[in-house]
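Shown here: upload.pdb, PDB, C-alpha atoms.
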```pdb
ATOM      1  CA  MET A  12      84.100  63.872 134.382
ATOM      2  CA  ARG A  13      86.115  63.284 131.170
ATOM      3  CA  HIS A  14      83.072  64.242 129.077
ATOM      4  CA  HIS A  15      82.633  67.352 131.201
ATOM      5  CA  ARG A  16      86.270  68.411 130.636
ATOM      6  CA  ARG A  17      85.941  67.877 126.897
ATOM      7  CA  LEU A  18      82.804  69.990 126.857
ATOM      8  CA  ILE A  19      84.547  72.805 128.743
ATOM      9  CA  GLY A  20      87.510  72.578 126.344
ATOM     10  CA  PHE A  21      85.200  72.757 123.337
ATOM     11  CA  ILE A  22      83.368  75.754 124.761
ATOM     12  CA  THR A  23      86.687  77.514 125.495
ATOM     13  CA  LEU A  24      88.002  76.825 121.991
ATOM     14  CA  THR A  25      84.767  78.027 120.418
ATOM     15  CA  ALA A  26      84.832  81.192 122.489
ATOM     16  CA  SER A  27      88.461  81.844 121.528
ATOM     17  CA  MET A  28      87.684  81.384 117.844
ATOM     18  CA  GLY A  29      84.755  83.729 118.202
ATOM     19  CA  MET A  30      86.958  86.378 119.800
ATOM     20  CA  VAL A  31      89.522  86.065 116.981
ATOM     21  CA  LEU A  32      86.862  86.296 114.290
ATOM     22  CA  GLY A  33      85.232  89.194 116.099
ATOM     23  CA  ALA A  34      88.506  91.066 116.363
ATOM     24  CA  SER A  35      89.251  90.404 112.687
ATOM     25  CA  SER A  36      85.815  91.667 111.708
ATOM     26  CA  ALA A  37      86.255  94.790 113.831
ATOM     27  CA  ILE A  38      89.598  95.531 112.155
ATOM     28  CA  ALA A  39      88.051  95.107 108.714
ATOM     29  CA  GLN A  40      85.284  97.597 109.545
ATOM     30  CA  THR A  41      87.782 100.413 110.135
ATOM     31  CA  TYR A  42      90.323  99.245 107.537
ATOM     32  CA  PRO A  43      92.035 100.986 105.888
ATOM     33  CA  ALA A  44      92.625 103.935 108.173
ATOM     34  CA  LYS A  45      95.782 105.189 106.451
ATOM     35  CA  PRO A  46      97.657 104.870 103.114
ATOM     36  CA  ILE A  47      98.767 101.386 102.046
ATOM     37  CA  SER A  48     102.185 100.463 100.661
ATOM     38  CA  LEU A  49     102.416  98.241  97.579
ATOM     39  CA  ILE A  50     105.994  97.017  97.277
ATOM     40  CA  VAL A  51     107.460  96.482  93.799
ATOM     41  CA  PRO A  52     110.681  94.433  93.536
ATOM     42  CA  PHE A  53     111.912  96.194  90.408
ATOM     43  CA  ALA A  54     112.827  99.637  89.102
ATOM     44  CA  ALA A  55     110.384 102.455  88.486
ATOM     45  CA  GLY A  56     109.283 102.561  84.871
ATOM     46  CA  GLY A  57     109.793  98.841  84.349
ATOM     47  CA  PRO A  58     107.018  96.429  83.267
ATOM     48  CA  THR A  59     105.998  95.308  86.772
ATOM     49  CA  ASP A  60     106.137  98.888  88.036
ATOM     50  CA  ILE A  61     103.804 100.026  85.246
ATOM     51  CA  VAL A  62     101.257  97.357  86.180
ATOM     52  CA  ALA A  63     101.643  98.178  89.883
ATOM     53  CA  ARG A  64     101.112 101.929  89.505
ATOM     54  CA  THR A  65      98.077 101.503  87.265
ATOM     55  CA  LEU A  66      96.637  98.976  89.722
ATOM     56  CA  ALA A  67      97.380 101.160  92.759
ATOM     57  CA  ALA A  68      95.464 104.074  91.253
ATOM     58  CA  ALA A  69      92.471 101.840  90.481
ATOM     59  CA  MET A  70      92.474 100.216  93.952
ATOM     60  CA  SER A  71      92.628 103.531  95.792
ATOM     61  CA  LYS A  72      89.046 104.269  94.768
ATOM     62  CA  PRO A  73      87.248 101.279  96.362
ATOM     63  CA  LEU A  74      89.568 101.314  99.388
ATOM     64  CA  GLY A  75      89.055 105.017 100.070
ATOM     65  CA  GLN A  76      92.781 105.376 100.804
ATOM     66  CA  THR A  77      95.851 106.007  98.707
ATOM     67  CA  VAL A  78      97.857 102.971  97.650
ATOM     68  CA  LEU A  79     101.486 104.067  97.483
ATOM     69  CA  VAL A  80     103.936 102.215  95.244
ATOM     70  CA  GLU A  81     107.397 101.664  96.722
ATOM     71  CA  ASN A  82     110.266 100.215  94.679
ATOM     72  CA  LYS A  83     112.659  97.994  96.627
ATOM     73  CA  LEU A  84     115.275  96.694  94.219
ATOM     74  CA  GLY A  85     117.844  93.985  94.697
ATOM     75  CA  ALA A  86     118.659  90.294  94.536
ATOM     76  CA  GLY A  87     116.372  89.522  91.610
ATOM     77  CA  GLY A  88     113.252  90.622  93.470
ATOM     78  CA  THR A  89     113.954  88.550  96.588
ATOM     79  CA  LEU A  90     114.873  91.604  98.660
ATOM     80  CA  ALA A  91     111.369  93.052  98.312
ATOM     81  CA  ALA A  92     109.706  89.695  98.921
ATOM     82  CA  SER A  93     111.766  89.172 102.073
ATOM     83  CA  TYR A  94     110.894  92.687 103.245
ATOM     84  CA  VAL A  95     107.159  92.043 102.920
ATOM     85  CA  ALA A  96     107.416  88.578 104.481
ATOM     86  CA  LYS A  97     108.905  90.211 107.596
ATOM     87  CA  ALA A  98     106.603  93.261 107.629
ATOM     88  CA  ALA A  99     103.913  93.777 110.251
ATOM     89  CA  PRO A 100     100.812  91.771 109.243
ATOM     90  CA  ASP A 101      98.506  94.739 109.707
ATOM     91  CA  GLY A 102      97.175  95.142 106.179
ATOM     92  CA  TYR A 103      99.303  98.148 105.272
ATOM     93  CA  THR A 104     102.111  96.405 103.409
ATOM     94  CA  PHE A 105     101.557  94.282 100.293
ATOM     95  CA  LEU A 106     103.781  92.853  97.589
ATOM     96  CA  ILE A 107     103.172  92.645  93.857
ATOM     97  CA  HIS A 108     105.523  90.198  92.177
ATOM     98  CA  HIS A 109     105.729  88.224  88.958
ATOM     99  CA  ASN A 110     107.085  84.768  88.053
ATOM    100  CA  GLY A 111     110.091  85.442  90.261
ATOM    101  CA  MET A 112     108.116  84.128  93.238
ATOM    102  CA  SER A 113     108.043  80.710  91.583
ATOM    103  CA  THR A 114     111.630  80.632  90.297
ATOM    104  CA  ALA A 115     113.379  81.916  93.431
ATOM    105  CA  PRO A 116     113.283  78.569  95.332
ATOM    106  CA  ALA A 117     115.282  76.873  92.548
ATOM    107  CA  LEU A 118     117.535  79.846  91.746
ATOM    108  CA  TYR A 119     118.716  80.769  95.231
ATOM    109  CA  ARG A 120     120.580  78.367  97.488
ATOM    110  CA  LYS A 121     119.815  80.584 100.473
ATOM    111  CA  LEU A 122     116.394  82.215 100.367
ATOM    112  CA  ALA A 123     115.211  84.400 103.241
ATOM    113  CA  PHE A 124     111.552  83.514 102.705
ATOM    114  CA  ASN A 125     109.358  80.637 101.586
ATOM    115  CA  PRO A 126     106.811  81.633  98.909
ATOM    116  CA  LEU A 127     104.447  78.869 100.024
ATOM    117  CA  THR A 128     104.442  79.484 103.783
ATOM    118  CA  ASP A 129     105.424  83.097 104.517
ATOM    119  CA  PHE A 130     102.575  84.961 102.835
ATOM    120  CA  GLU A 131      98.839  85.375 102.695
ATOM    121  CA  TYR A 132      97.622  85.303  99.108
ATOM    122  CA  VAL A 133      95.406  88.076  97.725
ATOM    123  CA  GLY A 134      95.004  87.209  94.047
ATOM    124  CA  GLN A 135      96.424  87.400  90.548
ATOM    125  CA  VAL A 136      96.250  90.540  88.433
ATOM    126  CA  VAL A 137      97.291  90.300  84.786
ATOM    127  CA  ASP A 138      99.189  88.035  82.424
ATOM    128  CA  VAL A 139     101.708  89.746  80.176
ATOM    129  CA  PRO A 140     103.004  88.061  77.009
ATOM    130  CA  MET A 141     106.657  88.125  76.064
ATOM    131  CA  THR A 142     107.969  89.118  72.651
ATOM    132  CA  LEU A 143     111.032  87.742  70.910
ATOM    133  CA  LEU A 144     112.852  90.714  69.393
ATOM    134  CA  GLY A 145     115.903  91.317  67.269
ATOM    135  CA  ARG A 146     117.894  94.441  66.507
ATOM    136  CA  LYS A 147     116.409  96.362  63.613
ATOM    137  CA  ASP A 148     119.121  95.384  61.111
ATOM    138  CA  LEU A 149     119.314  91.672  61.974
ATOM    139  CA  PRO A 150     119.413  89.733  58.662
ATOM    140  CA  ALA A 151     116.562  87.314  59.531
ATOM    141  CA  LYS A 152     113.115  88.501  58.416
ATOM    142  CA  ASN A 153     110.912  85.967  60.268
ATOM    143  CA  LEU A 154     111.169  83.277  62.925
ATOM    144  CA  GLN A 155     112.106  80.467  60.551
ATOM    145  CA  GLU A 156     114.927  82.554  59.103
ATOM    146  CA  LEU A 157     115.981  83.506  62.641
ATOM    147  CA  MET A 158     116.164  79.867  63.753
ATOM    148  CA  ALA A 159     118.364  79.018  60.757
ATOM    149  CA  TYR A 160     120.502  82.118  61.387
ATOM    150  CA  VAL A 161     121.009  81.260  65.064
ATOM    151  CA  LYS A 162     121.996  77.659  64.337
ATOM    152  CA  THR A 163     124.564  78.838  61.788
ATOM    153  CA  ASN A 164     125.938  81.794  63.763
ATOM    154  CA  ALA A 165     125.390  80.780  67.399
ATOM    155  CA  SER A 166     128.902  81.705  68.518
ATOM    156  CA  LYS A 167     128.482  85.259  67.156
ATOM    157  CA  ILE A 168     125.037  86.037  68.598
ATOM    158  CA  ASN A 169     124.384  87.985  71.803
ATOM    159  CA  LEU A 170     121.095  87.389  73.636
ATOM    160  CA  ALA A 171     120.302  90.041  76.247
ATOM    161  CA  ASN A 172     118.284  89.537  79.420
ATOM    162  CA  ALA A 173     117.240  91.604  82.424
ATOM    163  CA  GLY A 174     119.381  89.642  84.877
ATOM    164  CA  LEU A 175     119.771  86.208  86.394
ATOM    165  CA  GLY A 176     116.405  84.554  86.906
ATOM    166  CA  ALA A 177     114.432  87.322  85.183
ATOM    167  CA  VAL A 178     111.621  86.130  82.952
ATOM    168  CA  SER A 179     113.598  87.400  79.956
ATOM    169  CA  HIS A 180     116.427  85.100  81.072
ATOM    170  CA  LEU A 181     114.086  82.107  81.361
ATOM    171  CA  CYS A 182     112.525  82.882  77.986
ATOM    172  CA  GLY A 183     115.981  83.015  76.419
ATOM    173  CA  MET A 184     116.907  79.696  78.037
ATOM    174  CA  LEU A 185     113.825  78.026  76.577
ATOM    175  CA  PHE A 186     114.539  79.528  73.153
ATOM    176  CA  GLN A 187     118.064  78.126  73.138
ATOM    177  CA  LYS A 188     116.854  74.771  74.377
ATOM    178  CA  ALA A 189     114.188  74.603  71.655
ATOM    179  CA  LEU A 190     116.807  75.300  68.977
ATOM    180  CA  GLY A 191     119.524  73.148  70.504
ATOM    181  CA  ALA A 192     121.932  76.060  70.166
ATOM    182  CA  ASP A 193     123.967  77.959  72.747
ATOM    183  CA  VAL A 194     124.468  81.688  72.202
ATOM    184  CA  THR A 195     126.234  84.283  74.328
ATOM    185  CA  THR A 196     123.850  85.616  76.980
ATOM    186  CA  VAL A 197     124.369  89.159  78.222
ATOM    187  CA  PRO A 198     122.703  89.994  81.569
ATOM    188  CA  PHE A 199     121.741  93.580  82.348
ATOM    189  CA  SER A 200     120.508  95.208  85.559
ATOM    190  CA  GLY A 201     116.916  95.360  84.357
ATOM    191  CA  THR A 202     114.634  95.354  81.344
ATOM    192  CA  ALA A 203     115.198  99.012  80.425
ATOM    193  CA  PRO A 204     118.988  98.780  79.915
ATOM    194  CA  ALA A 205     118.602  95.446  78.093
ATOM    195  CA  LEU A 206     116.077  96.971  75.699
ATOM    196  CA  ASN A 207     118.227 100.073  75.230
ATOM    197  CA  ALA A 208     121.141  97.832  74.254
ATOM    198  CA  LEU A 209     118.949  96.156  71.645
ATOM    199  CA  LEU A 210     117.728  99.500  70.314
ATOM    200  CA  GLY A 211     121.326 100.658  70.078
ATOM    201  CA  GLY A 212     122.424  97.515  68.248
ATOM    202  CA  GLN A 213     124.830  96.379  70.979
ATOM    203  CA  VAL A 214     123.022  93.016  71.279
ATOM    204  CA  ASP A 215     121.206  90.885  68.732
ATOM    205  CA  LEU A 216     118.197  89.374  70.527
ATOM    206  CA  LEU A 217     115.977  89.914  73.560
ATOM    207  CA  CYS A 218     112.850  88.388  75.077
ATOM    208  CA  ASP A 219     110.853  91.129  76.801
ATOM    209  CA  GLN A 220     107.339  91.927  77.957
ATOM    210  CA  THR A 221     104.760  93.652  75.779
ATOM    211  CA  THR A 222     104.350  96.322  78.471
ATOM    212  CA  GLN A 223     107.880  97.391  77.553
ATOM    213  CA  THR A 224     108.097  96.571  73.861
ATOM    214  CA  THR A 225     104.758  97.274  72.152
ATOM    215  CA  GLN A 226     105.510 100.932  71.409
ATOM    216  CA  HIS A 227     108.894 100.047  69.893
ATOM    217  CA  ILE A 228     107.389  97.251  67.801
ATOM    218  CA  LYS A 229     104.728  99.598  66.407
ATOM    219  CA  ALA A 230     107.363 102.256  65.741
ATOM    220  CA  GLY A 231     109.509  99.756  63.836
ATOM    221  CA  THR A 232     112.638 100.366  65.927
ATOM    222  CA  VAL A 233     113.018  96.642  66.667
ATOM    223  CA  LYS A 234     112.343  93.491  64.653
ATOM    224  CA  LEU A 235     109.559  91.273  66.033
ATOM    225  CA  PHE A 236     109.792  87.504  65.523
ATOM    226  CA  GLY A 237     106.737  86.512  67.529
ATOM    227  CA  VAL A 238     104.808  86.555  70.795
ATOM    228  CA  THR A 239     105.099  83.841  73.433
ATOM    229  CA  THR A 240     101.388  83.114  73.942
ATOM    230  CA  LYS A 241      99.297  80.241  72.607
ATOM    231  CA  GLU A 242      97.124  82.660  70.653
ATOM    232  CA  ARG A 243      97.697  86.056  69.040
ATOM    233  CA  ILE A 244      97.160  89.088  71.264
ATOM    234  CA  ARG A 245      94.908  92.120  70.831
ATOM    235  CA  ALA A 246      97.711  94.649  71.152
ATOM    236  CA  LEU A 247      99.639  93.084  68.253
ATOM    237  CA  PRO A 248      97.029  91.221  66.179
ATOM    238  CA  ASP A 249      99.331  90.794  63.149
ATOM    239  CA  ALA A 250     102.163  89.304  65.184
ATOM    240  CA  PRO A 251     102.410  85.509  64.893
ATOM    241  CA  THR A 252     102.973  83.347  67.940
ATOM    242  CA  LEU A 253     106.298  81.542  68.209
ATOM    243  CA  SER A 254     104.340  78.317  68.042
ATOM    244  CA  GLU A 255     102.922  79.377  64.665
ATOM    245  CA  GLY A 256     106.402  80.194  63.459
ATOM    246  CA  GLY A 257     107.837  76.773  64.206
ATOM    247  CA  LEU A 258     108.550  76.588  67.953
ATOM    248  CA  LYS A 259     105.699  74.254  68.843
ATOM    249  CA  ASP A 260     104.062  74.765  72.259
ATOM    250  CA  PHE A 261     106.476  77.581  73.150
ATOM    251  CA  GLU A 262     104.750  79.608  75.843
ATOM    252  CA  VAL A 263     106.088  82.057  78.423
ATOM    253  CA  ILE A 264     103.708  84.420  80.220
ATOM    254  CA  VAL A 265     104.615  86.944  82.875
ATOM    255  CA  TRP A 266     101.984  86.634  85.584
ATOM    256  CA  HIS A 267     101.532  89.001  88.511
ATOM    257  CA  GLY A 268     100.216  88.236  91.994
ATOM    258  CA  VAL A 269      99.567  90.279  95.145
ATOM    259  CA  TYR A 270     100.717  89.005  98.555
ATOM    260  CA  ALA A 271     100.472  90.059 102.204
ATOM    261  CA  PRO A 272     102.651  89.088 105.183
ATOM    262  CA  LYS A 273     101.665  85.827 106.856
ATOM    263  CA  GLY A 274      99.207  86.457 109.666
ATOM    264  CA  THR A 275      97.439  89.408 108.064
ATOM    265  CA  PRO A 276      93.812  89.154 109.290
ATOM    266  CA  ILE A 277      91.691  87.187 106.844
ATOM    267  CA  ALA A 278      88.963  89.843 106.905
ATOM    268  CA  VAL A 279      91.546  92.426 105.817
ATOM    269  CA  VAL A 280      92.840  90.156 103.042
ATOM    270  CA  GLU A 281      89.261  89.664 101.871
ATOM    271  CA  LYS A 282      88.632  93.411 101.831
ATOM    272  CA  PHE A 283      91.842  94.041  99.895
ATOM    273  CA  ASN A 284      90.917  91.248  97.489
ATOM    274  CA  ALA A 285      87.492  92.807  96.941
ATOM    275  CA  ALA A 286      89.204  96.103  96.054
ATOM    276  CA  LEU A 287      91.547  94.235  93.722
ATOM    277  CA  ARG A 288      88.667  92.582  91.869
ATOM    278  CA  THR A 289      86.874  95.920  91.600
ATOM    279  CA  ALA A 290      90.024  97.558  90.216
ATOM    280  CA  LEU A 291      90.426  94.848  87.572
ATOM    281  CA  LYS A 292      86.985  95.781  86.238
ATOM    282  CA  ASP A 293      87.772  99.500  86.188
ATOM    283  CA  PRO A 294      87.605 100.681  82.536
ATOM    284  CA  THR A 295      90.663 102.914  82.902
ATOM    285  CA  PHE A 296      92.741 100.058  84.242
ATOM    286  CA  ALA A 297      91.399  97.558  81.697
ATOM    287  CA  ASN A 298      92.014  99.852  78.711
ATOM    288  CA  ARG A 299      95.546 100.651  79.870
ATOM    289  CA  MET A 300      96.329  96.935  80.137
ATOM    290  CA  ILE A 301      94.933  96.307  76.644
ATOM    291  CA  ASP A 302      97.166  99.060  75.266
ATOM    292  CA  LEU A 303     100.154  97.350  76.872
ATOM    293  CA  GLY A 304      99.233  93.877  75.609
ATOM    294  CA  ALA A 305      98.409  92.603  79.097
ATOM    295  CA  GLU A 306      95.425  90.356  79.780
ATOM    296  CA  ILE A 307      93.375  90.617  82.981
ATOM    297  CA  VAL A 308      93.193  87.143  84.516
ATOM    298  CA  PRO A 309      89.863  85.248  84.764
ATOM    299  CA  ASP A 310      87.768  85.637  87.921
ATOM    300  CA  ALA A 311      88.919  82.283  89.362
ATOM    301  CA  LYS A 312      92.536  83.476  89.349
ATOM    302  CA  GLN A 313      91.702  86.747  91.095
ATOM    303  CA  THR A 314      91.148  84.879  94.377
ATOM    304  CA  PRO A 315      93.592  83.898  97.145
ATOM    305  CA  GLU A 316      93.171  80.210  96.294
ATOM    306  CA  GLY A 317      93.624  80.953  92.596
ATOM    307  CA  LEU A 318      96.992  82.584  93.290
ATOM    308  CA  ARG A 319      98.065  79.850  95.718
ATOM    309  CA  SER A 320      97.308  77.054  93.251
ATOM    310  CA  TRP A 321      99.000  78.858  90.363
ATOM    311  CA  LEU A 322     102.136  79.575  92.397
ATOM    312  CA  GLN A 323     102.433  75.922  93.382
ATOM    313  CA  SER A 324     102.098  74.781  89.761
ATOM    314  CA  GLU A 325     104.658  77.342  88.543
ATOM    315  CA  ILE A 326     107.204  76.255  91.172
ATOM    316  CA  GLN A 327     106.799  72.692  89.915
ATOM    317  CA  LYS A 328     107.146  73.855  86.292
ATOM    318  CA  TRP A 329     110.248  76.048  86.539
ATOM    319  CA  GLY A 330     112.213  74.196  89.220
ATOM    320  CA  PRO A 331     113.331  71.343  86.921
ATOM    321  CA  VAL A 332     114.116  73.748  84.048
ATOM    322  CA  ILE A 333     116.377  75.899  86.226
ATOM    323  CA  ARG A 334     118.089  72.987  87.970
ATOM    324  CA  SER A 335     118.760  71.162  84.695
ATOM    325  CA  ALA A 336     120.405  74.305  83.314
ATOM    326  CA  GLY A 337     122.640  74.546  86.378
ATOM    327  CA  VAL A 338     121.741  78.189  86.995
ATOM    328  CA  TYR A 339     122.141  79.362  90.581
ATOM    329  CA  ALA A 340     122.462  82.628  92.472
ATOM    330  CA  ASP A 341     124.177  82.925  95.839
TER     331      ASP A 341
END
```
Structure re-expressed in structure tokens:
Amino acid sequence: MRHHRRLIGFITLTASMGMVLGASSAIAQTYPAKPISLIVPFAAGGPTDIVARTLAAAMSKPLGQTVLVENKLGAGGTLAASYVAKAAPDGYTFLIHHNGMSTAPALYRKLAFNPLTDFEYVGQVVDVPMTLLGRKDLPAKNLQELMAYVKTNASKINLANAGLGAVSHLCGMLFQKALGADVTTVPFSGTAPALNALLGGQVDLLCDQTTQTTQHIKAGTVKLFGVTTKERIRALPDAPTLSEGGLKDFEVIVWHGVYAPKGTPIAVVEKFNAALRTALKDPTFANRMIDLGAEIVPDAKQTPEGLRSWLQSEIQKWGPVIRSAGVYAD
């Protein structure tokens, strides 16, 4: 009798799983039936927005539907992430976010979502290097001169960032830590106003993404001290890395991942991931990223598991750095 009950239970469970898989497959066959929203946590025209809009255009082709970019600003990107975490898991709302998904758990005492449990993972997109910039008339001519200048004039130097917890803020923290010098940090409400302040000479230094800075570097309106990657980048082949210049093993990369609300049917996630991988091979998308200094991630990172593993490792990396600096947001 006990064996009989177990057999019935197994058959029932198998049938239920089959129904779920069948329903998921049926949804995927008709998906997408309407435009899809890709939520960006930052302002239009900013680095993440540029990547998102270029990606959305490339993904619309294989999906056969328009991917609409929506900017939902606030709370260092956590407002948008919380919005997507609570959205209907129907495959029509996705999030593109950068390193902020890995720093939020350490930065915010009260976080309305859990990056590791409240999302389905689609895949990574591109890595964007940072650049360490100075105002055009800063006395230092190279990184070694800059390091000496900062150590001597730390109390007089202003280091801009795009706001608490922004990658520019983290980059600046690492720079100060590497030099053993504390300068005055000036937070702005985004990368654009921070860069404008540097261009106008109101601040002395800024770490910012190549998607935002490459044109200004080439035009000579800012002074470049180095890029934050292990190797030189194609967009700025003559620019030394900070490691070359004397800051050994200094590396900060802005990575971007795509997420869906938890419970989004796996077949839908797989179809969206397939469109993502197709878009990353699109020549128009690839060439635009090269122009901006961004690098398309390897195939292994373009997968849901690739994004999940990377996010976990980044949370472990940045958590101690943020907590040791005593930086928190309410």
Surrounding residues of Val263 (chain A) excluding itself and chain neighbours under 2 positions, 10 Å, all atoms listed in the file, as a count of residues only: 20
Test item: residues at most 8 Å from region 285-302 of chain A, only C-alpha atoms, excluding those fewer than 4 positions along its chain, as a ChimeraX atom specification: /A:62,65-66,69-70,73-74,134,136,245-246,281,306-307,313
Please put the answer as AutoDock Vina command-line options: centre and edge lengths, in Å with one decimal, of a box along x, y and z that encloses all listed atoms of region 158-176 of chain A plus 3 Å on each side.
```
--center_x 122.5 --center_y 84.6 --center_z 73.8 --size_x 18.7 --size_y 19.9 --size_z 32.1
```
Selection dump of the PyMOL selection byres ((chain A and resi 199-206) around 6), as a list in words: Ala171, Ala173, Gly174, Pro198, Asn207, Ala208 and Leu209 of chain A
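For the choices A:Lys162, A:Lys167, A:His109, A:Arg120, the atom-to-atom distance to Gln135 (chain A) is smallest for A:His109 when using all atoms listed in the file.
A straight line drawn from CA of Ala305 (chain A) to CA of Ile228 (chain A) is 15.2 Å long.
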Test item: residues at most 7 Å from Tyr132 (chain A), all atoms listed in the file, excluding those fewer than 5 positions along its chain, as a ChimeraX atom specification: /A:269-271,315,318-319
Neighbour list for Val80 (chain A) as an NGL selection string, cut-off 12 Å, all atoms listed in the file, skip fewer than 2 positions in-chain: :A and (46-56 or 59-68 or 70-71 or 77-78 or 82-83 or 103-107)
Protein and nucleic acid residues near (114.4, 93.3, 67.9) (cut-off 10 Å, only C-alpha atoms) as number ranges by chain: A: 142-149, 206, 209-210, 212, 214-219, 224, 227-228, 231-236
Pick from A:Ala192, A:Leu122, A:Leu154, A:Met184, whichever lies nearest to Ser166 (chain A) using all atoms listed in the file: A:Ala192
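Atom pair CA of Ile333 (chain A) / CA of Ala117 (chain A): separated by 6.5 Å.
Take CA of Ile244 (chain A) and CA of Pro309 (chain A): the distance between them is 15.8 Å.
By only C-alpha atoms, and with residues fewer than 3 positions from Ile326 (chain A) along its chain excluded, the set lying at most 8 Å from it is Ser113, Thr114, Pro116, Leu322, Gln323, Trp329 and Gly330 of chain A.
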How about saving the chosen residues, C-alpha atoms kept, as a PDB file, keeping the file's coordinate frame?
```
ATOM      1  CA  SER A 113     108.043  80.710  91.583  1.00  0.00           C
ATOM      2  CA  THR A 114     111.630  80.632  90.297  1.00  0.00           C
ATOM      3  CA  PRO A 116     113.283  78.569  95.332  1.00  0.00           C
ATOM      4  CA  LEU A 322     102.136  79.575  92.397  1.00  0.00           C
ATOM      5  CA  GLN A 323     102.433  75.922  93.382  1.00  0.00           C
ATOM      6  CA  TRP A 329     110.248  76.048  86.539  1.00  0.00           C
ATOM      7  CA  GLY A 330     112.213  74.196  89.220  1.00  0.00           C
TER       8      GLY A 330
END
```
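Restricting the calculation to all atoms listed in the file, the smallest distance between Lys152 (chain A) and any of A:Gly256, A:Thr221, A:Asn164, A:Leu118 is found for A:Gly256.
Of the listed residues (A:Lys121, A:Arg243, A:Lys45, A:Lys188), A:Arg243 comes nearest to Glu255 (chain A); the distances count only C-alpha atoms.
Proximity to Leu157 (chain A) was assessed for A:Trp321, A:Phe130, A:Phe186, A:Tyr339 counting only C-alpha atoms; the smallest distance is recorded for A:Phe186.
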